[in-house]
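What follows is a short report on a single structure.
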Amino acid sequence: MLRLLLWAFFMSELLAPAGNPQALIGALNAGADAVYLAADRFGARAYADNFTEEEIIEGLKMAHLLHKKIYLTVNILTRQEELSELIAMVSRLYEAGLDGVIVQDLGVLTALHEACPELLLHASTQMSITSPEAVPLLKTLGCSRVVPARELSLEEIRAIRAQGIEVECFIHGAMCYAYSGRCLMSSFLGGRSGNRGRCAGPCHLPYEVIGETGEKALSRCYPLAMKDLCVLTILPELLDANIDSFKIEGRMKKPEYAAGTTVFYRKYIDRYVEWDKKGRKTHWKIDAEDLEELESLYIRTDLSTGYYHERNGRNLITMKEPGYAGADQKLLETIHDRYLTQTPKVEIQGKAVVRTGSRITLTCTAEGTEVLSEGVPAQQAKNRPLTKEDIREKLTRTGESSFDFDHLEVETDGASFVPVSDLNALRRDALSKLEDTLLSRDHRQAKPYREAKCPASKAAKPCLASLVRTREQFEAADGICDLVIADGNLVNLIGEGTLSRKGKGELYAALPPVYRKSDAAQYAKISGNLCARVDGLYVRNLEEIAICQEKDYHVKVLAGPSVYLWNRKALETVYSLVDAMTFPLELSGRELESTFSDVFGKMFLPVYGRAPLMISAGCVRKTAGQCDHRGEHWFSLEDRKNVRFPVLCDCLHCTNTIYNSVPTSLHAEDALLRFLSCRGFLLSFTDESGDQVKQILRGYCGLLDASDPAERKRAGERIAGAMPAGYTTGHFRKGAI
C-alpha cells in the first residue's frame, strides 16, 4: 500500500502560474514541476504581462533542461478570423517543444489535435466539466487531461479520474462564484467577456439580496465574492485521491506570489511523503507561521478549502469587500532575493585539456550526455603560462547560460598560453552543443491547418421555438410555437406523463444547465419515459451531448447557446453530434452572419429572453439562511444603482441562475431579416406571466409573417408592450471584447 501511495505522489505535479518571465524563473526555482503561462494573445488573463513567443521558447529551454514542463493557456473563445493565427502560433511553439496546451474552445481543441498530434491537450476549467460522462467525448477530441470545474467534490473528481484521464485540480488562489465559462455578467453589463480573459469582476461588487416576497434577505454585502482557496489542511486527501496535477491560481499576481506559494506547497507535498513513510502516526499539521506567511501573499479577506467537501453555503463567501489585504514587504523581499534573481541552472561536469601545439578541448557532461568542443591550438607561453586555476576560473564563468560546473578537471603542460577570448569561445561552443544535444528531443513537425467543412443548410422559414419553465408559460406557448422546450420541473411532469402538448408541433425536454452526479441519478429514473414522450432534448453542456451519443435515445438533440460555437471548427466538431445548434450570445449579428451564413438551416437564433449572466453552484438563498432544499424560488440581487437581477434558486438541480435585469429582444432589429433562413428563432422565458408569453410570441409570429415595414413595426410594438421593464439588444449590434 505504501509503495502505491508513493507512486501516486511522484506521478503528481505541482503546477505554478507565471504571468511574466520573472515569475517563471521564480516558480522553477521554488520547486514547481510545471508552469502554465500565456502568450500575449489568446489567454484567459488578458491583463497579465504574459510572454512573447521568443520568451516562451527560452522558457521551454530552461524548463526542459531542468526536466520541468510548460503548458500554454489558450483558454478563450476564439473568433473565426483569429483561429488560423492561433493555430500557427501554437504550431511554432509545438515544434520548439511545448509540453501541453490548456483549451476552452472546441474549435481550437479540434484544430490543435489535427495540427499538433503529439501535443498534450488539456480541457480547461473554462469548459465546466462536471461529470465523468464527458470524458469519452473529450478523449475522442484529443484531450489527455481535464481541469474539472472547481465546484466538484473530491468524490466527483475521483469519478472523473477513474475514467482513465488525467485530472488537474486547483489547490490555491482566487475562486469564481460562477462555474468558469458559464459567466456572461461582465460581458453583458460592461462588454468585457470572461470568455475572452477580460472579466471586470462584477461578482466583487456589493448587492442586496431580495427574497421571494420582496423582503430584504441580506443587506448590502458581497454575496457573490468567494473566499480564496487554500487546501494545505486537506492536502493528504487530495494526494491520496491520485490527482495528477495540483494547480496554483494567480497569473495576474506578482512573481513573488508565484514563487512564494510554490515554496509552501512544495514543502508540504514533500512533508506528506515523509509523514506517509512514517505510517501517518501523527495528525497532519500545518505550521502556524507558514500559514500566516501564506496569508500575507496577496490573499483576499478569508481562506477556505473550497468545494472539496461543501456543495455551497455562506462559509465559502467573504460577505465583505474582497480586496487584497496587501503583502508582507519583508517576506516579499526575501522571496525576491532567494528565488527571482538567479536563473535556475543545471549542474554539469567537465574536462579541459590545454597543451602547447594541440587544439584546446573542453568536454562537458550532464545526465549521461557528453559533448566535445575543440578550439584553437595552444601557444607556447612567452611570459607567464596558464595555470590550472587560470583555466578553471575562465571556463567556469558560465554567466547567463543554462549551466554551472559542479566539477571541472583541467589537464595542462604548464607551458601553454591561450587568449581569454579563445577560452571564452571554447566554453560557449561546448555549452551550446550540450544544450542543443539535451534539447534535441523537443523538435517535432506540425501539420498544416485545415479549414473546417460543413454541409450547407438553409431553411425556407424559421420555426418559432420557446423555452418555458412554468405550466402557465407552457400552455401559452403550446398553441403558438412550432417547438416548445420544457425546462425545470416541467421535465419531471413530462416524464411522469402529466404534461404533454395539446397543439401541433414538437416537444423537447431541457436537460440541466450544469450536469452533476445528483442530476445523473435523477434523470436515470425518468429517461426511459421521458424520451418516449418527447421529440427531442435540449442540451447545455458537453456531458449531455456525450450522454445522448452514448445512450442513443432516438430523439433529436438541440444544443443551447452555452455549447459555445465561435468559429467554424467548433461548428464542425458539434455538427456531427447534434441535430441543431444555437448561436452564442456574445457574437454580433454581423459576426454570426459572416461565420455561419451557409449553415443557417442548422442554427437557432436567440431573439428573446433574459440572458443567464451566471450559472453557479453557490446559492444566494442558502447564503441568506433560507434554504429548504425544495422547489424553485425567485430571489433577486439589487446593485448599487438599484438595478435588480432575478435569481432562480433551483433546488431540483442545486444551482443558481442569475439573469439579466431586462430581457434581450431583437424585434426592432432590421438585421433580423437576414436570418430568415435559420432553422428557428428561440425565445426563452423565465419569470414572465402566461399573458406576457402569448403577447411576445404572437408579436414574433407577426414579425415572421409581416410583408412590409409597417406590419413589422406593429408587431414590434406589441412585443415591446409586453415587456414593462424594457429590453436590450445584447451583443447583437456589438460583439463582446
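Chain lettering (A, B, ...) mirrors the order of the C-alpha cells, residue numbering begins at 1 for each chain separately, and ligand numbering begins at 1 in order of display.
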
- Quick one: everything within 12 Å of Asp413 of chain A, counting only C-alpha atoms, minus sequence neighbours fewer than 4 positions away in the same chain. Send it as a PyMOL selection string. chain A and resi 352-358+360+378-381+385-388+417

- Task: Do a neighbour search on Glu82 of chain A at 12 Å with only C-alpha atoms, toss out local chain neighbours closer than 4 positions, and write the hits as number ranges by chain.
- Result: A: 41-42, 74, 76-78, 86-89, 107-108, 566-569, 595

Save the residues we just selected, all heavy atoms, as a tab-separated table (two decimals), in the first residue's frame?
```
chain	number	residue	atom	x	y	z
A	41	ARG	N	-1.35	36.92	-26.59
A	41	ARG	CA	-2.73	36.85	-27.09
A	41	ARG	C	-3.30	35.47	-26.76
A	41	ARG	O	-2.58	34.54	-26.47
A	41	ARG	CB	-2.79	37.05	-28.61
A	41	ARG	CG	-2.38	38.43	-29.08
A	41	ARG	CD	-2.67	38.58	-30.56
A	41	ARG	NE	-4.11	38.55	-30.83
A	41	ARG	CZ	-4.62	38.49	-32.07
A	41	ARG	NH1	-3.82	38.41	-33.11
A	41	ARG	NH2	-5.92	38.46	-32.25
A	42	PHE	N	-4.62	35.37	-26.75
A	42	PHE	CA	-5.35	34.10	-26.68
A	42	PHE	C	-5.33	33.43	-25.30
A	42	PHE	O	-5.59	32.24	-25.20
A	42	PHE	CB	-4.83	33.10	-27.72
A	42	PHE	CG	-4.75	33.67	-29.11
A	42	PHE	CD1	-3.54	33.72	-29.79
A	42	PHE	CD2	-5.88	34.15	-29.74
A	42	PHE	CE1	-3.45	34.24	-31.07
A	42	PHE	CE2	-5.81	34.68	-31.03
A	42	PHE	CZ	-4.60	34.72	-31.69
A	74	VAL	N	-4.45	28.69	-23.84
A	74	VAL	CA	-5.19	29.35	-24.92
A	74	VAL	C	-6.68	29.14	-24.63
A	74	VAL	O	-7.45	28.71	-25.48
A	74	VAL	CB	-4.80	28.82	-26.32
A	74	VAL	CG1	-3.42	29.28	-26.70
A	74	VAL	CG2	-4.87	27.30	-26.38
A	76	ILE	N	-9.54	30.71	-24.21
A	76	ILE	CA	-10.58	31.68	-24.50
A	76	ILE	C	-11.39	31.19	-25.70
A	76	ILE	O	-10.94	30.32	-26.46
A	76	ILE	CB	-10.01	33.08	-24.82
A	76	ILE	CG1	-9.12	33.04	-26.07
A	76	ILE	CG2	-9.26	33.64	-23.63
A	76	ILE	CD1	-8.77	34.40	-26.61
A	77	LEU	N	-12.56	31.75	-25.87
A	77	LEU	CA	-13.33	31.51	-27.08
A	77	LEU	C	-12.72	32.32	-28.21
A	77	LEU	O	-12.35	33.48	-28.02
A	77	LEU	CB	-14.80	31.87	-26.87
A	77	LEU	CG	-15.51	31.07	-25.77
A	77	LEU	CD1	-16.96	31.53	-25.62
A	77	LEU	CD2	-15.45	29.58	-26.04
A	78	THR	N	-12.64	31.72	-29.38
A	78	THR	CA	-11.83	32.27	-30.47
A	78	THR	C	-12.68	32.53	-31.70
A	78	THR	O	-13.36	31.63	-32.20
A	78	THR	CB	-10.68	31.29	-30.81
A	78	THR	OG1	-9.94	31.01	-29.63
A	78	THR	CG2	-9.76	31.86	-31.86
A	86	LEU	N	-3.91	31.69	-34.29
A	86	LEU	CA	-3.69	30.97	-33.03
A	86	LEU	C	-3.02	29.63	-33.30
A	86	LEU	O	-2.04	29.26	-32.64
A	86	LEU	CB	-5.01	30.78	-32.28
A	86	LEU	CG	-4.95	30.18	-30.88
A	86	LEU	CD1	-6.18	30.60	-30.08
A	86	LEU	CD2	-4.89	28.66	-30.90
A	87	ILE	N	-3.55	28.88	-34.26
A	87	ILE	CA	-3.00	27.56	-34.57
A	87	ILE	C	-1.57	27.67	-35.07
A	87	ILE	O	-0.70	26.86	-34.72
A	87	ILE	CB	-3.88	26.82	-35.59
A	87	ILE	CG1	-5.32	26.69	-35.07
A	87	ILE	CG2	-3.30	25.44	-35.90
A	87	ILE	CD1	-5.45	26.03	-33.71
A	88	ALA	N	-1.30	28.70	-35.87
A	88	ALA	CA	0.08	28.89	-36.37
A	88	ALA	C	1.04	29.17	-35.22
A	88	ALA	O	2.16	28.64	-35.18
A	88	ALA	CB	0.10	30.04	-37.38
A	89	MET	N	0.60	30.00	-34.27
A	89	MET	CA	1.46	30.32	-33.12
A	89	MET	C	1.75	29.07	-32.29
A	89	MET	O	2.90	28.79	-31.95
A	89	MET	CB	0.79	31.38	-32.24
A	89	MET	CG	1.60	31.74	-31.00
A	89	MET	SD	0.66	32.65	-29.75
A	89	MET	CE	-0.39	31.33	-29.10
A	107	GLY	N	-13.35	24.43	-31.13
A	107	GLY	CA	-12.71	24.56	-32.42
A	107	GLY	C	-11.20	24.56	-32.30
A	107	GLY	O	-10.50	23.93	-33.10
A	108	VAL	N	-10.68	25.26	-31.32
A	108	VAL	CA	-9.25	25.27	-31.06
A	108	VAL	C	-8.78	23.87	-30.72
A	108	VAL	O	-7.74	23.40	-31.20
A	108	VAL	CB	-8.90	26.26	-29.94
A	108	VAL	CG1	-7.43	26.16	-29.55
A	108	VAL	CG2	-9.24	27.69	-30.35
A	566	TRP	N	-17.97	29.62	-31.66
A	566	TRP	CA	-17.46	30.93	-32.07
A	566	TRP	C	-16.74	30.86	-33.41
A	566	TRP	O	-16.36	31.90	-33.95
A	566	TRP	CB	-16.51	31.48	-31.00
A	566	TRP	CG	-17.20	32.19	-29.87
A	566	TRP	CD1	-18.27	31.76	-29.17
A	566	TRP	CD2	-16.83	33.46	-29.32
A	566	TRP	NE1	-18.60	32.67	-28.20
A	566	TRP	CE2	-17.73	33.72	-28.26
A	566	TRP	CE3	-15.82	34.38	-29.58
A	566	TRP	CZ2	-17.66	34.89	-27.49
A	566	TRP	CZ3	-15.75	35.53	-28.81
A	566	TRP	CH2	-16.67	35.78	-27.79
A	567	ASN	N	-16.52	29.68	-33.93
A	567	ASN	CA	-15.76	29.54	-35.18
A	567	ASN	C	-16.21	28.28	-35.91
A	567	ASN	O	-16.95	27.45	-35.37
A	567	ASN	CB	-14.26	29.50	-34.90
A	567	ASN	CG	-13.89	28.44	-33.87
A	567	ASN	OD1	-14.00	27.24	-34.14
A	567	ASN	ND2	-13.48	28.86	-32.68
A	568	ARG	N	-15.76	28.14	-37.14
A	568	ARG	CA	-16.20	27.03	-37.98
A	568	ARG	C	-15.70	25.68	-37.47
A	568	ARG	O	-16.38	24.66	-37.62
A	568	ARG	CB	-15.69	27.24	-39.41
A	568	ARG	CG	-16.24	28.47	-40.09
A	568	ARG	CD	-17.66	28.31	-40.51
A	568	ARG	NE	-17.83	27.28	-41.53
A	568	ARG	CZ	-18.95	27.11	-42.23
A	568	ARG	NH1	-19.99	27.89	-42.02
A	568	ARG	NH2	-19.04	26.16	-43.12
A	569	LYS	N	-14.52	25.66	-36.86
A	569	LYS	CA	-14.01	24.40	-36.34
A	569	LYS	C	-14.88	23.90	-35.19
A	569	LYS	O	-15.13	22.69	-35.06
A	569	LYS	CB	-12.57	24.56	-35.87
A	569	LYS	CG	-11.53	24.36	-36.94
A	569	LYS	CD	-11.49	22.90	-37.39
A	569	LYS	CE	-10.36	22.66	-38.35
A	569	LYS	NZ	-10.32	21.26	-38.82
A	595	THR	N	-19.76	34.20	-40.27
A	595	THR	CA	-19.16	32.91	-39.92
A	595	THR	C	-20.04	31.72	-40.30
A	595	THR	O	-19.54	30.67	-40.72
A	595	THR	CB	-18.86	32.85	-38.41
A	595	THR	OG1	-18.06	33.98	-38.04
A	595	THR	CG2	-18.11	31.57	-38.03
```

- Task: Find the spatial neighbours of Ile545 of chain A, counting only C-alpha atoms, within a cut-off of 9 Å - ignore same-chain residues fewer than 4 positions away - and output them as a PyMOL selection string.
- Result: chain A and resi 134+137+539-541+549-550+557+559+574+577-578

- Query: Any idea what the distance is between atom CA of Thr343 of chain A and atom CA of Gly375 of chain A?
  - Reply: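 Result for atom CA of Thr343 of chain A versus atom CA of Gly375 of chain A: 27.7 Å, one decimal.
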
Considering only C-alpha atoms, return as a PDB file with N, CA and C atoms, in the first residue's frame whatever protein or nucleic-acid residues lie within 10 Å of Ser562 of chain A, sequence-local ones (same chain, fewer than 3 positions apart) excluded.
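Output file result.pdb is given in full below:
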```
ATOM      1  N   MET A 127     -14.213  24.980 -19.589  1.00  0.00           N
ATOM      2  CA  MET A 127     -15.176  24.083 -20.233  1.00  0.00           C
ATOM      3  C   MET A 127     -16.259  23.611 -19.267  1.00  0.00           C
ATOM      4  N   GLY A 181     -16.498  29.695 -17.312  1.00  0.00           N
ATOM      5  CA  GLY A 181     -17.014  29.515 -18.660  1.00  0.00           C
ATOM      6  C   GLY A 181     -18.510  29.695 -18.763  1.00  0.00           C
ATOM      7  N   ARG A 182     -19.198  29.770 -17.623  1.00  0.00           N
ATOM      8  CA  ARG A 182     -20.655  29.933 -17.625  1.00  0.00           C
ATOM      9  C   ARG A 182     -21.055  31.272 -17.012  1.00  0.00           C
ATOM     10  N   CYS A 183     -20.203  32.268 -17.188  1.00  0.00           N
ATOM     11  CA  CYS A 183     -20.465  33.609 -16.675  1.00  0.00           C
ATOM     12  C   CYS A 183     -20.445  34.606 -17.820  1.00  0.00           C
ATOM     13  N   PRO A 513     -28.771  22.932 -16.746  1.00  0.00           N
ATOM     14  CA  PRO A 513     -27.714  23.821 -17.254  1.00  0.00           C
ATOM     15  C   PRO A 513     -26.322  23.331 -16.904  1.00  0.00           C
ATOM     16  N   VAL A 539     -29.848  20.403 -24.870  1.00  0.00           N
ATOM     17  CA  VAL A 539     -28.666  20.156 -24.041  1.00  0.00           C
ATOM     18  C   VAL A 539     -27.850  21.432 -23.916  1.00  0.00           C
ATOM     19  N   ARG A 540     -27.156  21.569 -22.749  1.00  0.00           N
ATOM     20  CA  ARG A 540     -26.457  22.822 -22.474  1.00  0.00           C
ATOM     21  C   ARG A 540     -25.007  22.628 -22.052  1.00  0.00           C
ATOM     22  N   ASN A 541     -24.484  21.422 -22.222  1.00  0.00           N
ATOM     23  CA  ASN A 541     -23.097  21.175 -21.836  1.00  0.00           C
ATOM     24  C   ASN A 541     -22.597  19.911 -22.534  1.00  0.00           C
ATOM     25  N   LEU A 542     -21.291  19.690 -22.463  1.00  0.00           N
ATOM     26  CA  LEU A 542     -20.686  18.548 -23.149  1.00  0.00           C
ATOM     27  C   LEU A 542     -21.127  17.222 -22.548  1.00  0.00           C
ATOM     28  N   ALA A 559     -28.501  21.742 -29.279  1.00  0.00           N
ATOM     29  CA  ALA A 559     -27.508  22.311 -28.372  1.00  0.00           C
ATOM     30  C   ALA A 559     -27.827  23.774 -28.121  1.00  0.00           C
ATOM     31  N   LEU A 565     -20.118  28.099 -29.869  1.00  0.00           N
ATOM     32  CA  LEU A 565     -19.693  27.985 -31.264  1.00  0.00           C
ATOM     33  C   LEU A 565     -19.259  29.368 -31.726  1.00  0.00           C
ATOM     34  N   THR A 582     -27.514  26.316 -31.421  1.00  0.00           N
ATOM     35  CA  THR A 582     -27.964  27.672 -31.138  1.00  0.00           C
ATOM     36  C   THR A 582     -26.784  28.623 -31.194  1.00  0.00           C
ATOM     37  N   PHE A 583     -27.000  29.777 -31.807  1.00  0.00           N
ATOM     38  CA  PHE A 583     -25.942  30.774 -31.866  1.00  0.00           C
ATOM     39  C   PHE A 583     -25.534  31.213 -30.459  1.00  0.00           C
ATOM     40  N   PRO A 584     -24.243  31.519 -30.254  1.00  0.00           N
ATOM     41  CA  PRO A 584     -23.803  32.033 -28.956  1.00  0.00           C
ATOM     42  C   PRO A 584     -24.332  33.441 -28.718  1.00  0.00           C
ATOM     43  N   LEU A 585     -24.334  33.864 -27.449  1.00  0.00           N
ATOM     44  CA  LEU A 585     -24.932  35.142 -27.074  1.00  0.00           C
ATOM     45  C   LEU A 585     -23.944  36.302 -27.110  1.00  0.00           C
ATOM     46  N   PRO A 612     -28.753  34.476 -19.234  1.00  0.00           N
ATOM     47  CA  PRO A 612     -28.264  33.911 -17.977  1.00  0.00           C
ATOM     48  C   PRO A 612     -26.852  34.433 -17.709  1.00  0.00           C
TER      49      PRO A 612
END
```

- Item | Pairwise distance for atom CA of Val607 of chain A and atom CA of Phe645 of chain A, rounded to one decimal in Å |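 Interatomic distance here is 19.8 Å.
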
- Item | Residue with smallest distance to Glu215 of chain A - pool A:Arg516, A:Cys531, A:Ser636, A:Leu189, counting only C-alpha atoms | A:Ser636

- Item | strand (DSSP E) per DSSP on the backbone: members of segment 308-555 of chain A, as an NGL selection string | :A and (317-319 or 346-354 or 359-366 or 369-377 or 379-380 or 403-412 or 416-417 or 463-468 or 483-486 or 506-510 or 536-539)

- atom CA of Gln473 of chain A to atom CA of Ser689 of chain A: how many Å, to one decimal?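 These two atoms are separated by 6.7 Å.
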
Quick one: contact table of segment 142-246 of chain A to segment 109-125 of chain A, 8 Å max, nearest atom pair and distance in Å to one decimal per residue, counting only C-alpha atoms, chain and number order, as CSV?
```
residue,atom,partner,partner_atom,distance
A:Gly142,CA,A:His113,CA,5.8
A:Cys143,CA,A:Leu121,CA,4.8
A:Ser144,CA,A:Leu121,CA,5.8
A:Arg145,CA,A:His122,CA,4.6
A:Val146,CA,A:Ala123,CA,4.8
A:Val147,CA,A:Thr125,CA,4.9
A:Pro148,CA,A:Thr125,CA,5.3
A:Ala149,CA,A:Thr125,CA,5.2
A:Arg150,CA,A:Thr125,CA,7.3
A:Ser180,CA,A:Thr125,CA,6.2
A:Gly181,CA,A:Thr125,CA,7.6
```

Could those selected residues go to a file with C-alpha atoms, as a PDB file, in the first residue's frame?
```
ATOM      1  CA  GLY A 142      -7.798  14.512 -28.261  1.00  0.00           C
ATOM      2  CA  CYS A 143      -7.784  15.503 -24.580  1.00  0.00           C
ATOM      3  CA  SER A 144      -5.360  13.758 -22.257  1.00  0.00           C
ATOM      4  CA  ARG A 145      -6.214  15.793 -19.160  1.00  0.00           C
ATOM      5  CA  VAL A 146      -9.241  17.527 -17.628  1.00  0.00           C
ATOM      6  CA  VAL A 147      -9.205  20.564 -15.387  1.00  0.00           C
ATOM      7  CA  PRO A 148     -12.641  19.992 -13.819  1.00  0.00           C
ATOM      8  CA  ALA A 149     -14.970  22.701 -12.612  1.00  0.00           C
ATOM      9  CA  ARG A 150     -13.758  23.987  -9.260  1.00  0.00           C
ATOM     10  CA  SER A 180     -15.942  29.002 -15.078  1.00  0.00           C
ATOM     11  CA  GLY A 181     -17.014  29.515 -18.660  1.00  0.00           C
TER      12      GLY A 181
END
```

- Task: Can you pull out every residue within 12 Å of Asp687 of chain A, counting only C-alpha atoms, but drop anything in the same chain fewer than 5 positions away, and send it as a list in words?
- Result: Leu467, Val468, Arg469, Thr470, Arg471, Glu472, Gln473, Gly609, Arg610, Glu632, His633, Trp634, Phe635, Ser636, Phe645, Pro646, Val647, Leu648, Tyr659, Asn660, Ser661, Val662, Pro663, Gln692, Val693 and Met723 of chain A

Would you output that residue set with C-alpha atoms, as a PDB file, in the first residue's frame?
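Saved result, out.pdb, follows:
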```pdb
ATOM      1  CA  LEU A 467     -38.095  27.611 -23.703  1.00  0.00           C
ATOM      2  CA  VAL A 468     -40.561  27.667 -20.790  1.00  0.00           C
ATOM      3  CA  ARG A 469     -40.349  26.935 -17.051  1.00  0.00           C
ATOM      4  CA  THR A 470     -43.937  27.066 -15.719  1.00  0.00           C
ATOM      5  CA  ARG A 471     -47.163  25.322 -16.656  1.00  0.00           C
ATOM      6  CA  GLU A 472     -48.716  28.714 -17.386  1.00  0.00           C
ATOM      7  CA  GLN A 473     -45.931  29.542 -19.835  1.00  0.00           C
ATOM      8  CA  GLY A 609     -35.033  36.215 -23.240  1.00  0.00           C
ATOM      9  CA  ARG A 610     -33.162  37.280 -20.161  1.00  0.00           C
ATOM     10  CA  GLU A 632     -37.774  26.650  -7.275  1.00  0.00           C
ATOM     11  CA  HIS A 633     -37.532  30.086  -5.728  1.00  0.00           C
ATOM     12  CA  TRP A 634     -37.090  33.513  -7.275  1.00  0.00           C
ATOM     13  CA  PHE A 635     -34.790  35.828  -5.365  1.00  0.00           C
ATOM     14  CA  SER A 636     -33.059  38.892  -6.770  1.00  0.00           C
ATOM     15  CA  PHE A 645     -31.235  40.936 -11.308  1.00  0.00           C
ATOM     16  CA  PRO A 646     -33.596  37.958 -10.919  1.00  0.00           C
ATOM     17  CA  VAL A 647     -32.016  34.845  -9.410  1.00  0.00           C
ATOM     18  CA  LEU A 648     -33.558  31.422  -9.958  1.00  0.00           C
ATOM     19  CA  TYR A 659     -30.445  36.600 -15.079  1.00  0.00           C
ATOM     20  CA  ASN A 660     -30.057  39.998 -16.688  1.00  0.00           C
ATOM     21  CA  SER A 661     -32.242  42.771 -15.293  1.00  0.00           C
ATOM     22  CA  VAL A 662     -34.007  43.118 -18.652  1.00  0.00           C
ATOM     23  CA  PRO A 663     -34.558  40.662 -21.486  1.00  0.00           C
ATOM     24  CA  GLN A 692     -46.827  38.097 -21.484  1.00  0.00           C
ATOM     25  CA  VAL A 693     -45.662  34.902 -23.171  1.00  0.00           C
ATOM     26  CA  MET A 723     -42.080  43.997 -21.620  1.00  0.00           C
TER      27      MET A 723
END
```

- Message: If DSSP is run on the backbone, what residues of segment 238-393 of chain A are helix (DSSP H, G or I)? A reply as a VMD selection string would be ideal.
- Response: chain A and resid 238 to 240 255 to 277 288 to 295 306 to 308 314 to 316 329 to 340 388 to 393

- Which of A:Lys433, A:Lys694, A:Arg158, A:Arg450 sits closest to Asp240 of chain A [using only C-alpha atoms]: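 Smallest distance to Asp240 of chain A is found for A:Arg158.
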
- Message: I need the residue nearest Arg311 of chain A from this list: A:Asp442, A:Glu156, A:Glu208, A:Glu274. Use only C-alpha atoms for the distance.
- Response: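 Closest candidate: A:Glu156.
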
- Message: Using only C-alpha atoms, can you tell me which of A:Ala217, A:Asp99, A:Asp105, A:Leu294 comes closest to Gln626 of chain A?
- Response: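 Nearest candidate to Gln626 of chain A out of A:Ala217, A:Asp99, A:Asp105, A:Leu294: A:Ala217.
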
- Give the answer as one residue: which of A:Leu154, A:Val167, A:Ile494, A:Cys481 has the shortest atom-to-atom distance to Arg698 of chain A, using only C-alpha atoms?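 Closest to Arg698 of chain A of all the choices is A:Cys481.
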
- Item | Pick from A:Pro455, A:Ala38, A:Thr52, A:Ser304, whichever lies nearest to Gly197 of chain A using only C-alpha atoms | A:Ala38

- Item | Residue neighbourhood Gln349 of chain A, 10 Å, only C-alpha atoms, exclusion window fewer than 6 positions, as a list in words |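 Neighbouring residues, sequence-local ones excluded: Thr363, Cys364, Thr365, Ala366, Glu367, Glu370, Phe403, Asp404, Phe405, Asp406, His407, Leu408 and Glu409 of chain A.
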
- Asp302 of chain A surroundings by only C-alpha atoms, 12 Å radius, close-in-sequence under 5 positions cut, as a PyMOL selection string: chain A and resi 173-175+225-230+292+294-296+315-325
